[in-house]
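Shown below: coords-v1.cif, with mmCIF, C-alpha atoms.
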data_query
#
loop_
_atom_site.label_atom_id
_atom_site.label_comp_id
_atom_site.auth_asym_id
_atom_site.auth_seq_id
_atom_site.Cartn_x
_atom_site.Cartn_y
_atom_site.Cartn_z
CA MET A 1 -69.98 -67.79 -47.61
CA ALA A 2 -66.21 -67.52 -48.22
CA PRO A 3 -65.91 -63.93 -46.89
CA PHE A 4 -67.94 -64.95 -43.83
CA LEU A 5 -65.49 -67.77 -43.06
CA SER A 6 -62.50 -65.49 -43.73
CA ILE A 7 -63.72 -63.00 -41.14
CA VAL A 8 -64.38 -65.75 -38.59
CA ASP A 9 -60.95 -67.23 -39.30
CA ARG A 10 -59.26 -63.84 -38.93
CA ASP A 11 -60.86 -63.07 -35.57
CA VAL A 12 -60.16 -66.55 -34.19
CA ARG A 13 -56.51 -66.26 -35.24
CA ILE A 14 -56.15 -62.87 -33.56
CA ALA A 15 -57.79 -64.17 -30.39
CA ALA A 16 -55.45 -67.17 -30.37
CA ARG A 17 -52.49 -64.77 -30.43
CA ARG A 18 -53.92 -62.68 -27.59
CA LEU A 19 -55.04 -65.54 -25.43
CA SER A 20 -54.88 -63.67 -22.12
CA GLU A 21 -57.28 -61.05 -23.44
CA ALA A 22 -59.67 -63.62 -24.88
CA ALA A 23 -59.66 -65.60 -21.62
CA ASN A 24 -60.69 -62.58 -19.51
CA PRO A 25 -64.48 -63.09 -19.66
CA LEU A 26 -64.02 -66.79 -18.93
CA LEU A 27 -61.91 -66.06 -15.85
CA PHE A 28 -64.46 -63.51 -14.68
CA PHE A 29 -67.19 -66.12 -15.05
CA VAL A 30 -65.28 -68.73 -13.07
CA ILE A 31 -64.34 -66.29 -10.30
CA VAL A 32 -67.85 -64.93 -9.81
CA THR A 33 -69.53 -68.33 -9.85
CA THR A 34 -67.03 -69.86 -7.41
CA LEU A 35 -67.22 -66.92 -4.99
CA PHE A 36 -70.96 -67.25 -4.45
CA PRO A 37 -70.92 -70.69 -2.78
CA LEU A 38 -68.17 -69.42 -0.45
CA ALA A 39 -70.20 -66.39 0.59
CA LEU A 40 -73.52 -68.21 0.99
CA SER A 41 -74.48 -70.66 3.68
CA PRO A 42 -73.13 -74.12 2.89
CA SER A 43 -76.49 -75.88 3.05
CA SER A 44 -76.87 -77.58 -0.30
CA ASP A 45 -80.61 -76.87 -0.62
CA GLU A 46 -80.11 -73.13 -0.36
CA ILE A 47 -77.18 -73.13 -2.76
CA ARG A 48 -79.14 -75.11 -5.31
CA GLU A 49 -81.97 -72.54 -5.14
CA VAL A 50 -79.69 -69.57 -5.94
CA GLY A 51 -77.41 -71.53 -8.31
CA THR A 52 -79.59 -71.11 -11.38
CA GLY A 53 -79.80 -67.36 -10.93
CA VAL A 54 -76.10 -66.94 -10.22
CA LEU A 55 -75.04 -68.97 -13.25
CA TRP A 56 -77.37 -67.07 -15.57
CA VAL A 57 -76.48 -63.61 -14.32
CA SER A 58 -72.78 -64.47 -14.54
CA THR A 59 -73.25 -65.71 -18.11
CA LEU A 60 -75.01 -62.47 -18.97
CA LEU A 61 -72.28 -60.28 -17.45
CA SER A 62 -69.47 -62.37 -18.98
CA SER A 63 -70.95 -62.02 -22.45
CA LEU A 64 -71.22 -58.28 -21.84
CA LEU A 65 -67.53 -58.25 -20.94
CA ALA A 66 -66.65 -60.43 -23.93
CA LEU A 67 -68.43 -58.51 -26.67
CA GLU A 68 -68.47 -54.96 -25.36
CA GLY A 69 -65.36 -54.08 -27.40
CA LEU A 70 -66.32 -56.23 -30.40
CA PHE A 71 -65.86 -53.50 -33.02
CA ARG A 72 -63.44 -51.16 -31.25
CA SER A 73 -60.14 -52.66 -32.39
CA ASP A 74 -61.40 -52.86 -35.98
CA ALA A 75 -62.49 -49.23 -35.79
CA ASP A 76 -59.14 -48.15 -34.29
CA ASP A 77 -56.94 -49.74 -36.95
CA GLY A 78 -59.18 -48.84 -39.91
CA SER A 79 -60.15 -52.38 -40.88
CA LEU A 80 -63.79 -51.61 -40.07
CA GLU A 81 -63.93 -48.86 -42.71
CA GLN A 82 -62.27 -51.23 -45.18
CA LEU A 83 -64.92 -53.84 -44.43
CA MET A 84 -67.65 -51.23 -44.86
CA LEU A 85 -66.36 -50.38 -48.35
CA SER A 86 -65.83 -54.00 -49.38
CA PRO A 87 -68.32 -55.89 -51.54
CA VAL A 88 -69.34 -57.96 -48.49
CA PRO A 89 -72.62 -56.66 -47.04
CA LEU A 90 -72.02 -55.14 -43.60
CA GLY A 91 -74.68 -57.38 -42.05
CA VAL A 92 -72.72 -60.47 -43.09
CA THR A 93 -69.53 -58.98 -41.63
CA VAL A 94 -71.33 -58.26 -38.37
CA LEU A 95 -72.75 -61.78 -38.18
CA ALA A 96 -69.30 -63.25 -38.85
CA LYS A 97 -67.72 -61.19 -36.08
CA ILE A 98 -70.43 -62.19 -33.61
CA THR A 99 -70.00 -65.84 -34.59
CA ALA A 100 -66.25 -65.64 -34.09
CA HIS A 101 -66.56 -64.09 -30.65
CA TRP A 102 -69.26 -66.50 -29.62
CA LEU A 103 -66.91 -69.36 -30.54
CA ILE A 104 -63.95 -67.79 -28.74
CA THR A 105 -65.50 -66.66 -25.49
CA ILE A 106 -69.01 -68.00 -25.01
CA LEU A 107 -68.57 -71.61 -26.13
CA PRO A 108 -65.78 -72.36 -23.58
CA LEU A 109 -67.99 -70.76 -20.94
CA ILE A 110 -70.89 -73.08 -21.79
CA ALA A 111 -68.47 -76.00 -21.63
CA LEU A 112 -67.52 -74.99 -18.09
CA VAL A 113 -71.08 -74.64 -16.83
CA PRO A 114 -71.65 -78.36 -16.00
CA ILE A 115 -68.65 -78.37 -13.65
CA LEU A 116 -69.76 -75.18 -11.93
CA ALA A 117 -73.36 -76.37 -11.78
CA LEU A 118 -72.20 -79.41 -9.81
CA SER A 119 -70.56 -77.11 -7.27
CA TYR A 120 -74.06 -75.69 -6.73
CA SER A 121 -75.15 -79.29 -6.02
CA MET A 122 -77.44 -79.36 -9.04
CA PRO A 123 -78.49 -82.86 -10.08
CA ILE A 124 -76.84 -84.18 -13.24
CA THR A 125 -80.29 -84.72 -14.74
CA ALA A 126 -80.82 -80.93 -14.82
CA LEU A 127 -77.67 -80.28 -16.84
CA PRO A 128 -78.97 -81.09 -20.37
CA THR A 129 -81.76 -78.53 -20.03
CA MET A 130 -79.33 -75.91 -18.76
CA PHE A 131 -77.04 -76.70 -21.71
CA TYR A 132 -79.86 -76.35 -24.28
CA ALA A 133 -81.05 -73.15 -22.66
CA LEU A 134 -77.55 -71.63 -22.75
CA MET A 135 -76.99 -72.70 -26.36
CA LEU A 136 -80.25 -70.99 -27.34
CA ALA A 137 -79.88 -67.92 -25.13
CA THR A 138 -76.26 -66.91 -25.76
CA PRO A 139 -76.68 -66.07 -29.49
CA THR A 140 -79.42 -63.59 -28.52
CA LEU A 141 -77.22 -62.14 -25.77
CA SER A 142 -74.30 -61.82 -28.19
CA VAL A 143 -76.41 -59.96 -30.75
CA LEU A 144 -77.77 -57.57 -28.11
CA VAL A 145 -74.32 -56.82 -26.68
CA ALA A 146 -72.95 -56.37 -30.22
CA LEU A 147 -75.70 -53.80 -30.83
CA GLY A 148 -74.54 -51.89 -27.74
CA ALA A 149 -70.93 -52.25 -28.90
CA ALA A 150 -71.82 -50.84 -32.32
CA LEU A 151 -73.61 -47.83 -30.82
CA THR A 152 -70.62 -47.02 -28.61
CA VAL A 153 -67.90 -47.83 -31.16
CA SER A 154 -66.60 -44.26 -31.17
CA LEU A 155 -66.24 -44.09 -27.37
CA ARG A 156 -62.94 -45.04 -25.80
CA ARG A 157 -64.49 -47.08 -23.04
CA GLY A 158 -68.08 -48.10 -23.57
CA GLY A 159 -68.44 -50.75 -20.85
CA ALA A 160 -70.86 -49.14 -18.43
CA ILE A 161 -72.93 -47.47 -21.13
CA VAL A 162 -73.22 -50.68 -23.11
CA GLY A 163 -74.48 -52.32 -19.92
CA LEU A 164 -77.08 -49.62 -19.39
CA LEU A 165 -78.20 -49.81 -23.02
CA VAL A 166 -78.31 -53.55 -23.33
CA LEU A 167 -79.11 -55.14 -19.98
CA PRO A 168 -82.80 -54.08 -19.97
CA LEU A 169 -83.19 -55.74 -23.38
CA THR A 170 -81.74 -58.99 -22.10
CA ALA A 171 -84.45 -59.40 -19.44
CA PRO A 172 -86.59 -61.82 -21.54
CA VAL A 173 -83.59 -64.05 -22.22
CA LEU A 174 -82.71 -64.10 -18.53
CA ILE A 175 -86.29 -64.87 -17.49
CA PHE A 176 -86.86 -67.72 -19.96
CA GLY A 177 -83.36 -69.09 -19.41
CA THR A 178 -83.70 -69.35 -15.62
CA ARG A 179 -87.26 -70.64 -16.05
CA ALA A 180 -86.14 -73.47 -18.31
CA THR A 181 -83.31 -74.37 -15.93
CA ASP A 182 -85.65 -74.31 -12.92
CA PHE A 183 -88.17 -76.53 -14.69
CA GLY A 184 -85.31 -78.90 -15.50
CA LEU A 185 -84.28 -78.95 -11.83
CA HIS A 186 -87.79 -79.86 -10.71
CA ASP A 187 -88.46 -82.41 -13.47
CA GLN A 188 -91.14 -80.35 -15.15
CA PRO A 189 -91.63 -80.04 -18.94
CA THR A 190 -89.12 -77.51 -20.28
CA ALA A 191 -90.25 -77.21 -23.89
CA GLY A 192 -92.16 -73.93 -23.36
CA PRO A 193 -89.31 -71.65 -22.26
CA LEU A 194 -86.85 -73.40 -24.60
CA TYR A 195 -89.08 -72.72 -27.62
CA LEU A 196 -89.37 -69.10 -26.54
CA LEU A 197 -85.58 -68.84 -26.26
CA ALA A 198 -85.26 -70.36 -29.74
CA ALA A 199 -87.77 -67.86 -31.10
CA LEU A 200 -85.86 -64.97 -29.53
CA ALA A 201 -82.60 -66.31 -31.02
CA ALA A 202 -84.14 -66.57 -34.49
CA LEU A 203 -85.46 -63.02 -34.21
CA ALA A 204 -82.16 -61.62 -32.95
CA LEU A 205 -80.02 -63.39 -35.56
CA ALA A 206 -82.33 -62.38 -38.40
CA LEU A 207 -82.88 -58.72 -37.54
CA GLY A 208 -79.92 -57.96 -35.26
CA PRO A 209 -77.20 -57.73 -37.94
CA ILE A 210 -79.27 -55.19 -39.92
CA ALA A 211 -79.69 -52.98 -36.85
CA ILE A 212 -76.03 -53.40 -35.88
CA ALA A 213 -74.87 -52.48 -39.41
CA ALA A 214 -76.98 -49.30 -39.28
CA ALA A 215 -75.61 -48.46 -35.82
CA LEU A 216 -72.04 -48.93 -37.06
CA ARG A 217 -72.61 -46.59 -40.02
CA VAL A 218 -73.81 -43.90 -37.61
CA GLY A 219 -71.02 -44.63 -35.15
CA MET A 220 -68.24 -44.40 -37.74
CA GLU A 221 -69.13 -40.89 -38.97
CA MET B 222 -68.90 -37.77 -65.67
CA GLU B 223 -68.29 -40.71 -63.37
CA LEU B 224 -67.67 -38.79 -60.15
CA CYS B 225 -69.52 -35.53 -59.57
CA ALA B 226 -69.62 -33.27 -56.53
CA ARG B 227 -72.11 -30.41 -56.55
CA GLU B 228 -72.33 -27.57 -54.03
CA LEU B 229 -70.61 -29.74 -51.46
CA SER B 230 -70.21 -28.28 -47.99
CA VAL B 231 -69.24 -29.76 -44.66
CA TRP B 232 -69.70 -28.13 -41.29
CA ARG B 233 -68.27 -29.57 -38.13
CA GLY B 234 -70.22 -27.91 -35.34
CA GLU B 235 -69.91 -24.15 -35.87
CA ARG B 236 -66.89 -24.48 -38.12
CA CYS B 237 -67.14 -24.54 -41.90
CA LEU B 238 -64.52 -26.84 -43.43
CA PHE B 239 -65.45 -26.13 -47.02
CA ASP B 240 -68.45 -24.66 -48.78
CA GLY B 241 -69.88 -24.82 -52.29
CA LEU B 242 -67.29 -27.24 -53.65
CA ASP B 243 -67.85 -28.33 -57.26
CA PHE B 244 -65.79 -30.72 -59.31
CA GLU B 245 -66.15 -33.68 -61.60
CA LEU B 246 -63.86 -36.44 -62.78
CA GLY B 247 -64.10 -38.79 -65.72
CA PRO B 248 -62.19 -41.95 -66.63
CA GLN B 249 -58.40 -41.63 -66.58
CA GLN B 250 -58.64 -38.39 -64.62
CA LEU B 251 -56.84 -37.68 -61.39
CA GLY B 252 -58.17 -35.32 -58.74
CA LEU B 253 -55.57 -33.82 -56.45
CA VAL B 254 -56.86 -32.45 -53.17
CA VAL B 255 -54.50 -29.87 -51.72
CA GLY B 256 -54.77 -27.59 -48.73
CA ALA B 257 -53.16 -26.71 -45.42
CA ASN B 258 -53.34 -29.00 -42.37
CA GLY B 259 -56.85 -28.96 -40.95
CA SER B 260 -58.41 -27.64 -44.14
CA GLY B 261 -60.68 -30.67 -44.48
CA LYS B 262 -58.85 -32.88 -46.98
CA THR B 263 -59.45 -36.08 -45.04
CA THR B 264 -63.08 -35.12 -44.39
CA LEU B 265 -63.64 -34.51 -48.11
CA LEU B 266 -62.13 -37.89 -48.99
CA ARG B 267 -64.23 -39.69 -46.37
CA VAL B 268 -67.34 -37.99 -47.73
CA LEU B 269 -66.40 -39.05 -51.27
CA ALA B 270 -65.90 -42.63 -50.08
CA GLY B 271 -69.31 -42.59 -48.40
CA LEU B 272 -67.88 -43.03 -44.91
CA SER B 273 -69.14 -39.65 -43.66
CA ALA B 274 -72.08 -37.51 -44.67
CA ALA B 275 -71.79 -34.03 -46.16
CA THR B 276 -73.78 -31.24 -44.52
CA SER B 277 -75.23 -30.26 -47.87
CA GLY B 278 -74.61 -30.90 -51.53
CA VAL B 279 -74.69 -33.95 -53.73
CA ILE B 280 -72.07 -36.52 -54.70
CA SER B 281 -72.72 -39.02 -57.36
CA TRP B 282 -70.54 -41.95 -58.30
CA ARG B 283 -71.81 -43.45 -61.56
CA GLY B 284 -75.32 -42.30 -60.74
CA SER B 285 -75.50 -43.40 -57.09
CA ALA B 286 -74.61 -41.81 -53.78
CA PRO B 287 -71.38 -43.36 -52.39
CA ASP B 288 -72.91 -43.99 -48.96
CA SER B 289 -75.73 -46.09 -50.43
CA LEU B 290 -74.28 -47.88 -53.40
CA PRO B 291 -76.57 -50.50 -54.92
CA PHE B 292 -75.44 -54.08 -54.48
CA GLU B 293 -73.86 -54.50 -57.92
CA GLN B 294 -71.79 -51.34 -57.43
CA ARG B 295 -70.43 -52.29 -54.01
CA GLY B 296 -66.65 -52.52 -53.95
CA GLU B 297 -66.16 -50.01 -56.77
CA ILE B 298 -64.65 -47.49 -54.36
CA ALA B 299 -61.37 -48.10 -52.54
CA TYR B 300 -60.27 -45.81 -49.73
CA ARG B 301 -56.88 -45.81 -48.02
CA GLY B 302 -56.60 -43.30 -45.24
CA HIS B 303 -54.35 -42.65 -42.28
CA LEU B 304 -55.47 -45.87 -40.62
CA ASP B 305 -53.89 -48.75 -42.46
CA GLY B 306 -56.62 -51.35 -41.95
CA LEU B 307 -54.08 -54.03 -41.02
CA LYS B 308 -54.45 -56.26 -37.98
CA ARG B 309 -51.41 -55.85 -35.74
CA ASP B 310 -51.41 -59.50 -34.63
CA LEU B 311 -51.48 -61.02 -38.10
CA THR B 312 -48.54 -61.27 -40.48
CA VAL B 313 -48.37 -59.21 -43.66
CA LEU B 314 -49.28 -62.22 -45.75
CA GLU B 315 -52.23 -63.15 -43.51
CA ASN B 316 -53.56 -59.61 -43.76
CA LEU B 317 -53.23 -59.62 -47.54
CA ARG B 318 -54.82 -63.06 -47.81
CA PHE B 319 -57.76 -61.80 -45.73
CA TYR B 320 -58.36 -58.79 -47.98
CA ALA B 321 -57.98 -60.95 -51.09
CA ALA B 322 -60.78 -63.17 -49.77
CA ILE B 323 -62.96 -60.16 -48.89
CA TRP B 324 -62.49 -58.39 -52.21
CA GLY B 325 -62.49 -61.61 -54.21
CA GLY B 326 -59.30 -60.58 -55.99
CA GLU B 327 -57.10 -63.17 -57.70
CA MET B 328 -53.47 -62.24 -57.32
CA ASN B 329 -50.15 -63.88 -56.64
CA LEU B 330 -49.51 -62.52 -53.15
CA ASP B 331 -45.85 -63.55 -53.11
CA GLU B 332 -45.20 -61.46 -56.23
CA LEU B 333 -47.11 -58.53 -54.78
CA VAL B 334 -45.08 -58.68 -51.58
CA ALA B 335 -41.85 -58.94 -53.55
CA ASP B 336 -42.88 -56.00 -55.73
CA LEU B 337 -43.11 -53.85 -52.59
CA ALA B 338 -39.80 -55.12 -51.18
CA LEU B 339 -41.67 -56.72 -48.28
CA SER B 340 -40.56 -60.31 -48.93
CA SER B 341 -38.39 -60.46 -45.84
CA ALA B 342 -41.26 -59.11 -43.74
CA ALA B 343 -44.01 -61.25 -45.24
CA HIS B 344 -44.22 -63.59 -42.26
CA VAL B 345 -43.66 -60.93 -39.62
CA ARG B 346 -46.58 -59.63 -37.59
CA VAL B 347 -47.56 -56.13 -38.68
CA ARG B 348 -46.97 -54.95 -35.09
CA TYR B 349 -43.20 -55.36 -35.57
CA LEU B 350 -42.92 -53.55 -38.93
CA SER B 351 -41.63 -50.03 -39.40
CA ALA B 352 -44.11 -47.26 -40.24
CA GLY B 353 -42.96 -47.26 -43.86
CA GLN B 354 -43.35 -51.03 -44.18
CA GLN B 355 -46.83 -50.81 -42.66
CA ARG B 356 -47.74 -48.17 -45.20
CA ARG B 357 -46.43 -50.38 -48.01
CA ALA B 358 -48.47 -53.33 -46.77
CA SER B 359 -51.56 -51.13 -46.51
CA LEU B 360 -51.12 -49.84 -50.06
CA ALA B 361 -50.56 -53.41 -51.28
CA THR B 362 -54.21 -54.13 -50.48
CA LEU B 363 -55.16 -51.67 -53.25
CA LYS B 364 -53.94 -54.24 -55.76
CA LEU B 365 -56.34 -56.85 -54.35
CA CYS B 366 -59.54 -54.99 -55.09
CA ALA B 367 -61.08 -54.29 -58.45
CA ALA B 368 -62.17 -50.78 -57.45
CA LYS B 369 -62.59 -48.22 -60.25
CA LEU B 370 -62.24 -45.22 -57.93
CA TRP B 371 -59.18 -44.97 -55.72
CA ILE B 372 -59.38 -42.48 -52.88
CA LEU B 373 -55.98 -42.06 -51.24
CA ASP B 374 -55.25 -39.86 -48.26
CA GLU B 375 -51.59 -38.80 -48.29
CA PRO B 376 -50.43 -42.17 -49.64
CA THR B 377 -46.76 -41.20 -49.66
CA THR B 378 -46.51 -40.53 -45.91
CA ASN B 379 -43.65 -42.51 -44.30
CA LEU B 380 -42.49 -43.87 -47.65
CA ASP B 381 -38.93 -43.65 -48.95
CA ALA B 382 -38.14 -42.40 -52.47
CA ASP B 383 -38.51 -45.88 -53.93
CA GLY B 384 -41.88 -46.39 -52.23
CA ARG B 385 -43.12 -42.98 -53.38
CA SER B 386 -42.27 -43.62 -57.00
CA LYS B 387 -43.90 -47.05 -56.73
CA ILE B 388 -47.22 -45.65 -55.53
CA VAL B 389 -47.13 -42.83 -58.08
CA GLY B 390 -46.55 -45.50 -60.73
CA TRP B 391 -49.52 -47.50 -59.44
CA VAL B 392 -51.80 -44.47 -59.59
CA ARG B 393 -50.63 -43.73 -63.15
CA ALA B 394 -51.22 -47.36 -64.19
CA HIS B 395 -54.66 -47.31 -62.57
CA LEU B 396 -55.57 -44.14 -64.49
CA ALA B 397 -54.16 -45.55 -67.74
CA SER B 398 -56.41 -48.61 -67.37
CA GLY B 399 -59.47 -46.33 -67.27
CA GLY B 400 -59.70 -45.84 -63.51
CA ILE B 401 -60.20 -42.66 -61.53
CA ALA B 402 -58.21 -41.52 -58.52
CA VAL B 403 -58.61 -38.81 -55.93
CA VAL B 404 -55.44 -38.17 -53.95
CA ALA B 405 -54.89 -35.78 -51.07
CA THR B 406 -51.28 -34.76 -50.88
CA HIS B 407 -48.86 -32.06 -49.84
CA GLN B 408 -46.61 -32.81 -52.81
CA PRO B 409 -49.01 -32.40 -55.78
CA ASP B 410 -46.11 -32.25 -58.24
CA GLU B 411 -45.31 -35.92 -57.64
CA PHE B 412 -48.67 -36.97 -59.01
CA ARG B 413 -49.57 -34.24 -61.48
CA GLN B 414 -50.06 -35.24 -65.09
CA ARG B 415 -52.16 -34.09 -68.04
CA GLY B 416 -55.86 -33.74 -67.26
CA THR B 417 -55.35 -33.50 -63.51
CA VAL B 418 -58.08 -31.63 -61.63
CA LEU B 419 -56.84 -29.60 -58.70
CA VAL B 420 -59.25 -29.29 -55.76
CA GLU B 421 -58.03 -26.57 -53.43
CA LEU B 422 -59.45 -26.34 -49.94
#
Just give me the structure of the file as structure tokens.
Amino acid sequence: MAPFLSIVDRDVRIAARRLSEAANPLLFFVIVTTLFPLALSPSSDEIREVGTGVLWVSTLLSSLLALEGLFRSDADDGSLEQLMLSPVPLGVTVLAKITAHWLITILPLIALVPILALSYSMPITALPTMFYALMLATPTLSVLVALGAALTVSLRRGGAIVGLLVLPLTAPVLIFGTRATDFGLHDQPTAGPLYLLAALAALALALGPIAIAAALRVGME
Amino acid sequence: MELCARELSVWRGERCLFDGLDFELGPQQLGLVVGANGSGKTTLLRVLAGLSAATSGVISWRGSAPDSLPFEQRGEIAYRGHLDGLKRDLTVLENLRFYAAIWGGEMNLDELVADLALSSAAHVRVRYLSAGQQRRASLATLKLCAAKLWILDEPTTNLDADGRSKIVGWVRAHLASGGIAVVATHQPDEFRQRGTVLVEL
């Protein structure tokens, strides 16, 4: 447990010293989600209908932006090879790095969603469901993007390729996430899609780090 | 023998870096890897550390392959290459504290920093250090792990005379305490002592 916390602590410290870089995905999220209402017709019914989709797709793309370079700086300065040789299992290291980046970039984004959701004239009663759905969906998204990041660790710029690799895999998360939010909007029971999101998160967090560790070993050759 | 390489060869594409390499090292023995630039010294060291795969041949470190060490043997191999493994945005002390936590080493970091004449730079971010100071800080992390096998890739690069003699002294002390070291260098005479195995590429 101690090495896990050390890695999280290290990455959070570094992010705090490079705040502008860490804030990038968050800014992207805010810009995209505020541009849509300006471009669409101002009728609140129409905006509410597209709001769910816009917020979820923006979340997806922001997490892609946030974690696409997850391992690159560690690979460039040699700390990744040191971590690979350390007594800490690589899967634990991977999980710690994902946790750190989720805390740095995704958690603030989730905190912003209620404000943005109101600009899509969503009722306040729909917000808890959206919050639960995001809390359950973003760990899965983070693991999937980290897998893409691990596979492209040796490339200078992996952005577009990571997107191509990962976005098809995120379809279930997107579908169940928007479903849960929609059900919440229309006062229908939301347990079904939320349980499915939780199941996907459990699967991703249990098996993801193993796959990511294997991908990193191949990528570092 | 603790570290054995048998019939080791590495090809990169169509190019053969080395072929049919055999050597073995026991406790207190030093292996010096020498060869011209581009002869594959770094590749050999990475293969020995288990970071890259050899094209053919077998390496065994105390009975296991370095790239798939069993759990209880993890952390027995330390590798310091051209990349220093330090985070640019953390201070020297923060970097050392991180590696101490990862390797589980117990060590007075202030003494270690003083030993390397880095005291004045201890709270400076690595980004602002000179190349020699960065190399010193990187080598300091060797003291934090309990590795039995040290694999060092040109450890004396960027170091002044004092730094060079310090690292040579560390390698000697490591060997004297029953450890093994493999060092790639262009100045083999600095490290050479009795029982040294020369690996020429």
What are the nearest atom pairs, with distances in Å to one decimal, for all residues of chain A that come at most 8 Å from chain B, using all atoms listed in the file, set out by chain and rising residue number as CSV?
residue,atom,partner,partner_atom,distance
A:Ala2,CA,B:Ala322,CA,7.1
A:Pro3,CA,B:Ile323,CA,5.2
A:Ser6,CA,B:Phe319,CA,6.3
A:Ile7,CA,B:Phe319,CA,7.6
A:Arg10,CA,B:Phe319,CA,7.3
A:Arg13,CA,B:Leu311,CA,7.8
A:Ile14,CA,B:Asp310,CA,5.9
A:Arg17,CA,B:Asp310,CA,6.8
A:Asp74,CA,B:Gly306,CA,7.8
A:Asp76,CA,B:Leu304,CA,7.7
A:Asp77,CA,B:Gly306,CA,5.3
A:Gly78,CA,B:Gly306,CA,4.1
A:Ser79,CA,B:Gly306,CA,3.8
A:Leu80,CA,B:Gly306,CA,7.4
A:Glu81,CA,B:Leu272,CA,7.4
A:Gln82,CA,B:Gly306,CA,6.5
A:Leu83,CA,B:Ile323,CA,8.0
A:Leu85,CA,B:Gly296,CA,6.0
A:Ser86,CA,B:Gly296,CA,4.9
A:Pro87,CA,B:Gly296,CA,4.5
A:Val88,CA,B:Ile323,CA,6.8
A:Arg217,CA,B:Leu272,CA,7.7
A:Met220,CA,B:Leu272,CA,7.3
A:Glu221,CA,B:Ser273,CA,4.9
Among the residues B:Asp336, B:Asp240, B:Glu223, B:Glu375, the one that comes closest to Ala286 in chain B [using only C-alpha atoms]: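 Closest to Ala286 in chain B, using only C-alpha atoms: B:Glu223.
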Of B:Leu350, B:Leu422, B:Ala226, B:Leu246, the one sitting nearest Ile401 in chain B when using all atoms listed in the file is B:Leu246
Closest to Leu370 in chain B among B:Leu251, B:Val345, B:Leu238, B:Ala405, using all atoms listed in the file?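 That would be B:Leu251, the residue with the smallest distance to Leu370 in chain B.
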Which is closest to Thr181 in chain A among A:Leu127, A:Leu95, A:Met84, A:Leu103, if we use all atoms listed in the file? A:Leu127
Each residue of range 30-79 of chain A lying at most 9 Å from range 129-137 of chain A should get a row with its shortest atom-to-atom pair and the distance in Å to one decimal, counting all atoms listed in the file; could you produce that, ordered by chain and increasing number, as CSV?
residue,atom,partner,partner_atom,distance
A:Thr52,CA,A:Met130,CA,8.8
A:Trp56,CA,A:Leu134,CA,8.5
A:Thr59,CA,A:Leu134,CA,8.7
So which residues get picked by the PyMOL selection byres ((chain B and resi 407) around 10) here, written as a ChimeraX atom specification? /B:253-258,375,377-378,404-406,408-411
Could the residues in this selection be saved with C-alpha atoms as a PDB file, in the coordinates of the input?
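Resulting contents of selection23.pdb:
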ATOM      1  CA  LEU B 253     -55.570 -33.820 -56.450  1.00  0.00           C
ATOM      2  CA  VAL B 254     -56.860 -32.450 -53.170  1.00  0.00           C
ATOM      3  CA  VAL B 255     -54.500 -29.870 -51.720  1.00  0.00           C
ATOM      4  CA  GLY B 256     -54.770 -27.590 -48.730  1.00  0.00           C
ATOM      5  CA  ALA B 257     -53.160 -26.710 -45.420  1.00  0.00           C
ATOM      6  CA  ASN B 258     -53.340 -29.000 -42.370  1.00  0.00           C
ATOM      7  CA  GLU B 375     -51.590 -38.800 -48.290  1.00  0.00           C
ATOM      8  CA  THR B 377     -46.760 -41.200 -49.660  1.00  0.00           C
ATOM      9  CA  THR B 378     -46.510 -40.530 -45.910  1.00  0.00           C
ATOM     10  CA  VAL B 404     -55.440 -38.170 -53.950  1.00  0.00           C
ATOM     11  CA  ALA B 405     -54.890 -35.780 -51.070  1.00  0.00           C
ATOM     12  CA  THR B 406     -51.280 -34.760 -50.880  1.00  0.00           C
ATOM     13  CA  GLN B 408     -46.610 -32.810 -52.810  1.00  0.00           C
ATOM     14  CA  PRO B 409     -49.010 -32.400 -55.780  1.00  0.00           C
ATOM     15  CA  ASP B 410     -46.110 -32.250 -58.240  1.00  0.00           C
ATOM     16  CA  GLU B 411     -45.310 -35.920 -57.640  1.00  0.00           C
TER      17      GLU B 411
END
If you measure from CA of Ala397 in chain B to CA of Met222 in chain B, what distance in Å do you get, rounded to one decimal?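 Value for the CA of Ala397 in chain B-CA of Met222 in chain B distance: 16.8 Å.
Interatomic distance, CA of Leu337 in chain B to CA of Arg357 in chain B: 6.6 Å.
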Go through A:Val30, A:Ala146, A:Leu141, A:Leu197 one by one, measure the shortest atom-to-atom distance of each to Ala111 in chain A using only C-alpha atoms, and give the residue with the smallest value.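 Of A:Val30, A:Ala146, A:Leu141, A:Leu197, the one nearest Ala111 in chain A is A:Val30, counting only C-alpha atoms.
Closest approach to Leu396 in chain B among B:Ser341, B:Ser230, B:Thr263, B:Gln249 is made by B:Gln249 (distances from all atoms listed in the file).
The point (-59.6, -69.2, -32.2) has these residues within 12 Å of it when all atoms listed in the file are used: Ile7, Val8, Asp9, Arg10, Asp11, Val12, Arg13, Ile14, Ala15, Ala16, Arg17, Arg18, Leu19, Ala22, Ala23, Thr99, Ala100, His101, Trp102, Leu103, Ile104, Thr105, Ile106, Leu107 and Pro108 of chain A.
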Around all listed atoms of range 339-345 of chain B, padded 4 Å per side, what centre and edge lengths does the axis-aligned box have in Å to one decimal, as lines of an AutoDock Vina configuration file?
center_x = -41.3
center_y = -60.2
center_z = -44.3
size_x = 13.8
size_y = 14.9
size_z = 17.3
Which distance in Å separates CA of Asn379 in chain B and CA of Ala352 in chain B, to one decimal?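 Rounded to one decimal, the two atoms are 6.3 Å apart.
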Please provide the set of residues having any atom within 7 Å of range 40-50 of chain A, restricted to only C-alpha atoms, with same-chain residues fewer than 5 positions apart removed, written as a VMD selection string. chain A and resid 120 to 122
